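Enquirer: Dropping in upload.csv, which is CSV, C-alpha atoms and all ligand atoms:
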chain,number,residue,atom,x,y,z
Q,1,MET,CA,-16.0,15.4,84.5
Q,2,GLN,CA,-16.4,13.7,87.8
Q,3,ASN,CA,-12.7,13.1,88.5
Q,4,SER,CA,-11.6,16.7,88.9
Q,5,ILE,CA,-11.1,18.9,92.0
Q,6,ILE,CA,-12.4,22.4,92.2
Q,7,LEU,CA,-11.4,24.9,94.8
Q,8,VAL,CA,-13.8,27.7,95.7
Q,9,GLY,CA,-13.6,30.5,98.3
Q,10,LEU,CA,-13.0,34.2,98.7
Q,11,MET,CA,-10.0,36.3,97.6
Q,12,GLY,CA,-7.0,35.3,99.6
Q,13,ALA,CA,-8.3,31.9,100.8
Q,14,GLY,CA,-5.4,30.2,99.1
Q,15,LYS,CA,-7.1,28.7,96.0
Q,16,SER,CA,-4.2,29.5,93.7
Q,17,THR,CA,-1.5,28.7,96.2
Q,18,ILE,CA,-3.0,25.4,97.6
Q,19,GLY,CA,-4.3,24.5,94.1
Q,20,ARG,CA,-0.9,24.5,92.4
Q,21,GLN,CA,0.7,22.3,95.1
Q,22,LEU,CA,-2.3,19.9,95.5
Q,23,ALA,CA,-2.4,19.4,91.7
Q,24,ARG,CA,1.3,18.3,91.8
Q,25,LYS,CA,0.6,15.9,94.7
Q,26,LEU,CA,-2.4,14.3,93.0
Q,27,ASN,CA,-1.1,14.3,89.5
Q,28,LEU,CA,-3.8,16.6,88.2
Q,29,THR,CA,-3.4,19.3,85.6
Q,30,PHE,CA,-3.6,22.7,87.3
Q,31,TYR,CA,-5.8,25.6,86.0
Q,32,ASP,CA,-6.5,28.9,87.6
Q,33,SER,CA,-9.6,30.5,85.9
Q,34,ASP,CA,-8.3,34.0,86.6
Q,35,LYS,CA,-5.0,33.2,84.8
Q,36,VAL,CA,-6.8,31.6,81.9
Q,37,ILE,CA,-8.9,34.8,81.5
Q,38,GLU,CA,-5.7,36.8,81.5
Q,39,GLU,CA,-4.1,34.5,79.0
Q,40,ARG,CA,-7.1,34.6,76.6
Q,41,THR,CA,-7.4,38.4,76.7
Q,42,GLY,CA,-3.7,39.2,77.0
Q,43,VAL,CA,-4.4,41.8,79.7
Q,44,SER,CA,-4.6,41.8,83.5
Q,45,ILE,CA,-7.9,41.4,85.5
Q,46,PRO,CA,-7.7,45.0,86.7
Q,47,THR,CA,-7.6,46.1,83.1
Q,48,ILE,CA,-10.6,44.0,82.1
Q,49,PHE,CA,-12.6,45.5,85.0
Q,50,GLU,CA,-11.5,49.0,83.9
Q,51,VAL,CA,-12.5,48.5,80.3
Q,52,GLU,CA,-15.5,46.2,80.5
Q,53,GLY,CA,-16.6,46.6,84.1
Q,54,GLU,CA,-17.4,43.7,86.4
Q,55,ALA,CA,-20.2,42.6,84.0
Q,56,GLY,CA,-17.7,42.1,81.2
Q,57,PHE,CA,-15.4,40.2,83.4
Q,58,ARG,CA,-18.2,37.8,84.6
Q,59,GLU,CA,-19.1,37.0,81.0
Q,60,ARG,CA,-15.5,36.0,80.3
Q,61,GLU,CA,-15.3,34.1,83.5
Q,62,GLU,CA,-18.5,32.1,82.6
Q,63,GLN,CA,-17.0,31.1,79.3
Q,64,VAL,CA,-13.7,30.0,80.9
Q,65,ILE,CA,-15.5,28.0,83.6
Q,66,ALA,CA,-17.7,26.3,80.9
Q,67,ASP,CA,-14.6,25.3,78.9
Q,68,LEU,CA,-12.4,24.2,81.9
Q,69,THR,CA,-15.2,22.1,83.5
Q,70,THR,CA,-15.3,19.9,80.4
Q,71,LEU,CA,-11.7,18.8,80.9
Q,72,PRO,CA,-10.9,15.5,82.8
Q,73,ASN,CA,-8.5,15.2,85.7
Q,74,ILE,CA,-7.9,18.8,86.4
Q,75,LEU,CA,-7.5,20.8,89.6
Q,76,LEU,CA,-9.3,24.1,89.0
Q,77,ALA,CA,-8.7,27.1,91.2
Q,78,THR,CA,-11.8,29.3,90.6
Q,79,GLY,CA,-12.1,33.1,90.8
Q,80,GLY,CA,-13.6,34.2,94.1
Q,81,GLY,CA,-16.8,35.4,92.5
Q,82,SER,CA,-17.3,32.6,90.0
Q,83,ILE,CA,-20.0,31.0,92.2
Q,84,LEU,CA,-22.3,34.1,91.8
Q,85,ARG,CA,-23.8,32.6,88.7
Q,86,GLU,CA,-26.1,29.7,88.9
Q,87,THR,CA,-24.7,28.2,85.6
Q,88,ASN,CA,-21.2,28.3,87.0
Q,89,ARG,CA,-22.3,26.7,90.2
Q,90,GLN,CA,-24.0,23.9,88.3
Q,91,ARG,CA,-20.9,23.3,86.1
Q,92,ILE,CA,-18.6,23.4,89.1
Q,93,LYS,CA,-20.6,20.8,91.0
Q,94,GLU,CA,-20.8,18.5,88.0
Q,95,ALA,CA,-17.1,18.7,87.4
Q,96,GLY,CA,-16.0,16.7,90.5
Q,97,CYS,CA,-15.1,17.2,94.1
Q,98,VAL,CA,-15.6,20.8,95.3
Q,99,ILE,CA,-13.6,22.1,98.2
Q,100,TYR,CA,-14.5,25.4,99.9
Q,101,LEU,CA,-11.3,27.0,101.4
Q,102,LYS,CA,-12.8,28.9,104.3
Q,103,ALA,CA,-11.3,31.8,106.2
Q,104,SER,CA,-12.7,34.8,108.1
Q,105,ALA,CA,-12.8,38.3,106.5
Q,106,ASP,CA,-10.2,39.5,109.0
Q,107,GLN,CA,-7.8,36.6,108.2
Q,108,LEU,CA,-8.2,37.2,104.4
Q,109,PHE,CA,-7.7,40.9,104.8
Q,110,GLN,CA,-4.3,40.4,106.5
Q,111,ARG,CA,-3.2,38.3,103.5
Q,112,ILE,CA,-4.3,40.5,100.7
Q,113,LYS,CA,-4.3,44.1,102.0
Q,114,GLN,CA,-1.0,45.0,100.3
Q,115,ASP,CA,-1.9,43.5,96.9
Q,116,ARG,CA,-3.5,45.9,94.4
Q,117,SER,CA,-4.4,43.2,91.8
Q,118,ARG,CA,-7.9,42.7,93.1
Q,119,PRO,CA,-10.2,45.3,91.7
Q,120,LEU,CA,-13.1,44.6,94.1
Q,121,MET,CA,-10.8,45.5,97.0
Q,122,GLN,CA,-10.0,49.0,95.8
Q,123,THR,CA,-12.6,50.6,98.1
Q,124,GLU,CA,-12.4,53.0,101.0
Q,125,ASN,CA,-12.9,50.2,103.6
Q,126,PRO,CA,-11.6,47.0,102.1
Q,127,LEU,CA,-12.0,45.0,105.3
Q,128,GLN,CA,-15.7,45.9,105.4
Q,129,THR,CA,-15.9,45.1,101.7
Q,130,LEU,CA,-14.5,41.6,102.4
Q,131,ARG,CA,-17.0,41.1,105.3
Q,132,ASN,CA,-19.9,42.1,102.9
Q,133,LEU,CA,-18.6,39.8,100.2
Q,134,LEU,CA,-18.2,36.9,102.6
Q,135,LYS,CA,-21.7,37.3,104.0
Q,136,ALA,CA,-23.2,37.5,100.5
Q,137,ARG,CA,-21.2,34.6,99.0
Q,138,GLU,CA,-20.8,32.1,101.8
Q,139,PRO,CA,-24.2,30.4,101.1
Q,140,TYR,CA,-23.0,29.8,97.6
Q,141,TYR,CA,-19.6,28.4,98.6
Q,142,LEU,CA,-21.4,26.1,101.0
Q,143,GLU,CA,-24.0,25.1,98.4
Q,144,VAL,CA,-21.4,23.8,96.0
Q,145,ALA,CA,-19.0,22.3,98.5
Q,146,ASP,CA,-18.4,18.6,99.1
Q,147,LEU,CA,-15.7,19.5,101.6
Q,148,VAL,CA,-15.1,22.6,103.8
Q,149,VAL,CA,-11.5,23.2,104.8
Q,150,PRO,CA,-10.4,26.0,107.1
Q,151,THR,CA,-7.4,27.9,105.7
Q,152,GLY,CA,-7.3,31.0,107.9
Q,153,LYS,CA,-4.8,29.9,110.5
Q,154,GLN,CA,-2.9,26.8,109.2
Q,155,LYS,CA,0.2,26.8,107.1
Q,156,VAL,CA,-0.1,25.6,103.5
Q,157,ASN,CA,1.6,22.2,104.2
Q,158,VAL,CA,-0.9,21.5,107.0
Q,159,ILE,CA,-3.8,22.4,104.8
Q,160,LEU,CA,-2.5,20.2,102.0
Q,161,ARG,CA,-2.3,17.2,104.4
Q,162,GLU,CA,-5.8,17.8,105.7
Q,163,ILE,CA,-7.3,18.0,102.2
Q,164,HIS,CA,-5.4,14.8,101.3
Q,165,THR,CA,-6.8,13.0,104.4
Q,166,LYS,CA,-10.4,14.2,103.7
Q,167,LEU,CA,-10.3,13.2,100.1
Q,168,LYS,CA,-9.1,9.7,101.1
Q,169,GLN,CA,-12.0,9.5,103.5
Q,170,LEU,CA,-14.5,10.5,100.8
Q,171,GLN,CA,-13.0,7.9,98.5
Q,172,ASP,CA,-13.2,5.2,101.1
Q,173,VAL,CA,-16.9,6.0,101.8
Q,174,ALA,CA,-17.6,6.0,98.0
Q,175,HIS,CA,-15.9,2.5,97.7
Q,176,ALA,CA,-17.8,1.2,100.7
Q,177,ASN,CA,-21.1,2.3,99.1
Q,178,SER,CA,-20.4,1.1,95.6
Q,179,PRO,CA,-21.9,-2.3,94.6
Q,180,SER,CA,-19.1,-5.0,94.4
Q,201,LIG,N1,-2.3,29.1,104.4
Q,201,LIG,C1,-1.7,30.3,104.2
Q,201,LIG,N2,-1.1,30.9,105.1
Q,201,LIG,C2,-0.5,32.1,104.9
Q,201,LIG,N3,-0.6,32.8,103.7
Q,201,LIG,C3,-1.2,32.2,102.7
Q,201,LIG,C4,-1.9,30.9,102.9
Q,201,LIG,N4,-2.5,30.6,101.7
Q,201,LIG,C5,-2.3,31.6,100.9
Q,201,LIG,N5,-1.5,32.5,101.5
Q,201,LIG,C6,-1.1,33.8,100.9
Q,201,LIG,O1,-2.2,34.6,100.7
Q,201,LIG,C7,-2.2,35.3,99.5
Q,201,LIG,C8,-3.4,35.0,98.7
Q,201,LIG,O2,-3.4,33.6,98.3
Q,201,LIG,P1,-4.0,33.1,96.9
Q,201,LIG,O3,-3.6,34.0,95.8
Q,201,LIG,O4,-3.6,31.7,96.8
Q,201,LIG,O5,-5.5,33.2,97.2
Q,201,LIG,P2,-6.7,33.0,96.2
Q,201,LIG,O6,-7.7,32.3,96.9
Q,201,LIG,O7,-6.2,32.4,94.9
Q,201,LIG,O8,-7.2,34.5,95.9
Q,201,LIG,P3,-8.0,35.1,94.6
Q,201,LIG,O9,-9.5,34.6,94.6
Q,201,LIG,O10,-7.9,36.6,94.7
Q,201,LIG,O11,-7.3,34.6,93.3
Q,201,LIG,C9,-0.9,35.0,98.8
Q,201,LIG,O12,0.1,36.0,99.1
Q,201,LIG,C10,-0.5,33.6,99.4
Q,201,LIG,O13,0.9,33.5,99.5
Q,202,LIG,O1,-14.0,37.7,94.4
Q,202,LIG,C1,-14.1,38.2,93.2
Q,202,LIG,O2,-15.1,38.6,92.7
Q,202,LIG,C2,-12.9,38.1,92.4
Q,202,LIG,C3,-11.8,37.3,92.8
Q,202,LIG,C4,-10.6,37.1,92.0
Q,202,LIG,O3,-10.2,35.8,92.0
Q,202,LIG,C5,-10.8,37.6,90.5
Q,202,LIG,O4,-11.6,36.6,89.8
Q,202,LIG,C6,-11.5,38.9,90.4
Q,202,LIG,O5,-10.6,39.9,91.0
Q,202,LIG,C7,-12.8,39.0,91.1
Q,203,MG,MG,-6.3,32.9,92.9
Turn the structure described in the file into structure tokens.

Expert:
Amino acid sequence: MQNSIILVGLMGAGKSTIGRQLARKLNLTFYDSDKVIEERTGVSIPTIFEVEGEAGFREREEQVIADLTTLPNILLATGGGSILRETNRQRIKEAGCVIYLKASADQLFQRIKQDRSRPLMQTENPLQTLRNLLKAREPYYLEVADLVVPTGKQKVNVILREIHTKLKQLQDVAHANSPS
């Protein structure tokens, strides 16, 4: 569905926080793929990782992304690793305007270091883990993105305004290029 907005980015980039508020502002229905996975299974993401491993989680994530990307007029906050699968990237790109919320590993670490709900961060050196994940995944975030918005330093309100302005500019360009 071409009229949806999809947020991608690493853990802590603000996909869930920004997504919920942006959806309200743009009158889109908000979905968070991580939350949908938890609702469908009835257990938390750490429990899914514990029982089924990351591979099991990724299978569930692919199914949820496939289902949600068929819905019209939604704002989808995706899980940080959803772009790892080519099928997900394809579906995400086809669903609408993709926004990469970008921040450095150090900025992300400051935000999520106290939170134990992210299984991939339960390592001896979570900052280094984040650096490695960012290096491995950024090419995919950039591959799918129509817009890149820095979120590491700005407050949520400022980020929301910036996204709004950039979306308007994209719309204006699309109108200017469409045959009248
Ligand atoms: N612009 C911001 N400035 C300061 N703190 C922020 C900002 N955006 C989000 N946060 C905080 O950072 C934490 C992570 O944000 P959030 O859960 O929205 O990230 P996420 O991208 O959805 O992560 P995940 O991929 O793990 O679901 C939250 O505690 C949130 O309040
Ligand atoms: O970056 C990741 O791979 C993940 C991010 C979270 O949104 C969850 O989807 C899960 O914790 C895995
Ligand atoms: Mg989230």

Enquirer: Using Å and a single decimal, report how far atom CA of Ile45 of chain Q sits from atom CA of Leu7 of chain Q.

Expert: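 Answer for the atom CA of Leu7 of chain Q to atom CA of Ile45 of chain Q separation: 19.3 Å.
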
Enquirer: Show me which residues line ligand MG 203 (chain Q), defined as having an atom within 7 Å of a ligand atom where all atoms listed in the file count, and present them as a list in words.

Expert: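 Going residue by residue within 7 Å of ligand MG 203 (chain Q), we get Met11, Gly14, Lys15, Ser16, Asp32, Asp34, Ala77, Thr78 and Gly79 of chain Q.
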
Enquirer: Could you please determine the separation between atom CA of Leu101 of chain Q and atom CA of Leu75 of chain Q in Å, to one decimal place?

Expert: 13.9 Å

Enquirer: Excluding Gly9 of chain Q and residues on its chain fewer than 4 positions from it, collect all residues at most 7 Å away from it, counting only C-alpha atoms, and give them as an NGL selection string.

Expert: :Q and (13 or 80 or 100-102 or 141)

Enquirer: Could you give me, as a ChimeraX atom specification, every polymer residue with an atom at most 10 Å away from an atom of ligand LIG 202 (chain Q), counting all atoms listed in the file?

Expert: /Q:8-13,15-16,32-35,37,44-46,48-49,54,57-58,61,77-84,116-121,130,133-134,137

Enquirer: Using all atoms listed in the file, can you tell me which of Q:Asp146, Q:Asp115, Q:Glu124, Q:Glu138 comes closest to ligand LIG 201 (chain Q)?

Expert: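 Nearest to ligand LIG 201 (chain Q): Q:Asp115.
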
Enquirer: Quick one: of Q:Glu39, Q:Thr17, Q:Gln110, Q:Ala174, who's nearest to ligand LIG 201 (chain Q), counting all atoms listed in the file?

Expert: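 Checking each of Q:Glu39, Q:Thr17, Q:Gln110, Q:Ala174 against ligand LIG 201 (chain Q), counting all atoms listed in the file, the winner is Q:Thr17.
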
Enquirer: Give the answer as one residue: which of Q:Ala66, Q:Ala176, Q:Leu142, Q:Ile159 has the shortest atom-to-atom distance to ligand LIG 201 (chain Q), using all atoms listed in the file?

Expert: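 Closest to ligand LIG 201 (chain Q), using all atoms listed in the file: Q:Ile159.
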
Enquirer: Could you give me, as a list in words, the residues within 6 Å of Ala103 of chain Q, counting only C-alpha atoms and dropping anything in the same chain fewer than 2 positions from it?

Expert: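 My reading of the contact set: Pro150, Thr151 and Gly152 of chain Q.
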
Enquirer: What's around segment 87-98 of chain Q at 6 Å? Count only C-alpha atoms, leave out sequence neighbours fewer than 6 positions away in its own chain, and write the answer as a list of chain:residue names.

Expert: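 Skipping anything fewer than 6 positions along the chain leaves Q:Met1, Q:Gln2, Q:Asn3, Q:Ser4, Q:Ile5, Q:Ile6, Q:Leu7, Q:Thr69, Q:Val144, Q:Ala145, Q:Asp146.
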
Enquirer: For a quick check of understanding, using all atoms listed in the file, which of Q:Val51, Q:Leu147, Q:Ala105, Q:Ile74 has the smallest distance to Leu22 of chain Q?

Expert: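 Ranking Q:Val51, Q:Leu147, Q:Ala105, Q:Ile74 by distance to Leu22 of chain Q, first place goes to Q:Ile74.
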
Enquirer: Pick from Q:Leu167, Q:Leu127, Q:Ala136, Q:Leu160: nearest to Arg111 of chain Q, with only C-alpha atoms counted?

Expert: Q:Leu127

Enquirer: Atom N2 of ligand LIG 201 (chain Q) and atom CA of Gln154 of chain Q, how far apart in Å?

Expert: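 Calculated distance between atom CA of Gln154 of chain Q and atom N2 of ligand LIG 201 (chain Q) is 6.1 Å.
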
Enquirer: Could segment 84-95 of chain Q be completed with N, CA and C atoms and returned as a PDB file, in the coordinates of the input?

Expert:
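As written to disk, part.pdb reads:
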ATOM      1  N   LEU Q  84     -21.107  33.154  91.852  1.00  0.00           N
ATOM      2  CA  LEU Q  84     -22.300  34.100  91.800  1.00  0.00           C
ATOM      3  C   LEU Q  84     -23.299  33.637  90.808  1.00  0.00           C
ATOM      4  N   ARG Q  85     -22.832  33.041  89.718  1.00  0.00           N
ATOM      5  CA  ARG Q  85     -23.800  32.600  88.700  1.00  0.00           C
ATOM      6  C   ARG Q  85     -24.195  31.196  88.839  1.00  0.00           C
ATOM      7  N   GLU Q  86     -25.485  31.019  88.734  1.00  0.00           N
ATOM      8  CA  GLU Q  86     -26.100  29.700  88.900  1.00  0.00           C
ATOM      9  C   GLU Q  86     -25.477  28.682  87.869  1.00  0.00           C
ATOM     10  N   THR Q  87     -25.294  29.130  86.636  1.00  0.00           N
ATOM     11  CA  THR Q  87     -24.700  28.200  85.600  1.00  0.00           C
ATOM     12  C   THR Q  87     -23.319  27.777  86.017  1.00  0.00           C
ATOM     13  N   ASN Q  88     -22.511  28.697  86.560  1.00  0.00           N
ATOM     14  CA  ASN Q  88     -21.200  28.300  87.000  1.00  0.00           C
ATOM     15  C   ASN Q  88     -21.260  27.299  88.154  1.00  0.00           C
ATOM     16  N   ARG Q  89     -22.171  27.565  89.092  1.00  0.00           N
ATOM     17  CA  ARG Q  89     -22.300  26.700  90.200  1.00  0.00           C
ATOM     18  C   ARG Q  89     -22.653  25.257  89.757  1.00  0.00           C
ATOM     19  N   GLN Q  90     -23.558  25.183  88.821  1.00  0.00           N
ATOM     20  CA  GLN Q  90     -24.000  23.900  88.300  1.00  0.00           C
ATOM     21  C   GLN Q  90     -22.784  23.169  87.641  1.00  0.00           C
ATOM     22  N   ARG Q  91     -22.061  23.880  86.813  1.00  0.00           N
ATOM     23  CA  ARG Q  91     -20.900  23.300  86.100  1.00  0.00           C
ATOM     24  C   ARG Q  91     -19.829  22.849  87.077  1.00  0.00           C
ATOM     25  N   ILE Q  92     -19.592  23.684  88.085  1.00  0.00           N
ATOM     26  CA  ILE Q  92     -18.600  23.400  89.100  1.00  0.00           C
ATOM     27  C   ILE Q  92     -18.931  22.108  89.840  1.00  0.00           C
ATOM     28  N   LYS Q  93     -20.206  22.020  90.230  1.00  0.00           N
ATOM     29  CA  LYS Q  93     -20.600  20.800  91.000  1.00  0.00           C
ATOM     30  C   LYS Q  93     -20.529  19.563  90.173  1.00  0.00           C
ATOM     31  N   GLU Q  94     -20.856  19.681  88.898  1.00  0.00           N
ATOM     32  CA  GLU Q  94     -20.800  18.500  88.000  1.00  0.00           C
ATOM     33  C   GLU Q  94     -19.416  18.063  87.671  1.00  0.00           C
ATOM     34  N   ALA Q  95     -18.444  18.969  87.872  1.00  0.00           N
ATOM     35  CA  ALA Q  95     -17.100  18.700  87.400  1.00  0.00           C
ATOM     36  C   ALA Q  95     -16.311  17.747  88.336  1.00  0.00           C
TER      37      ALA Q  95
END
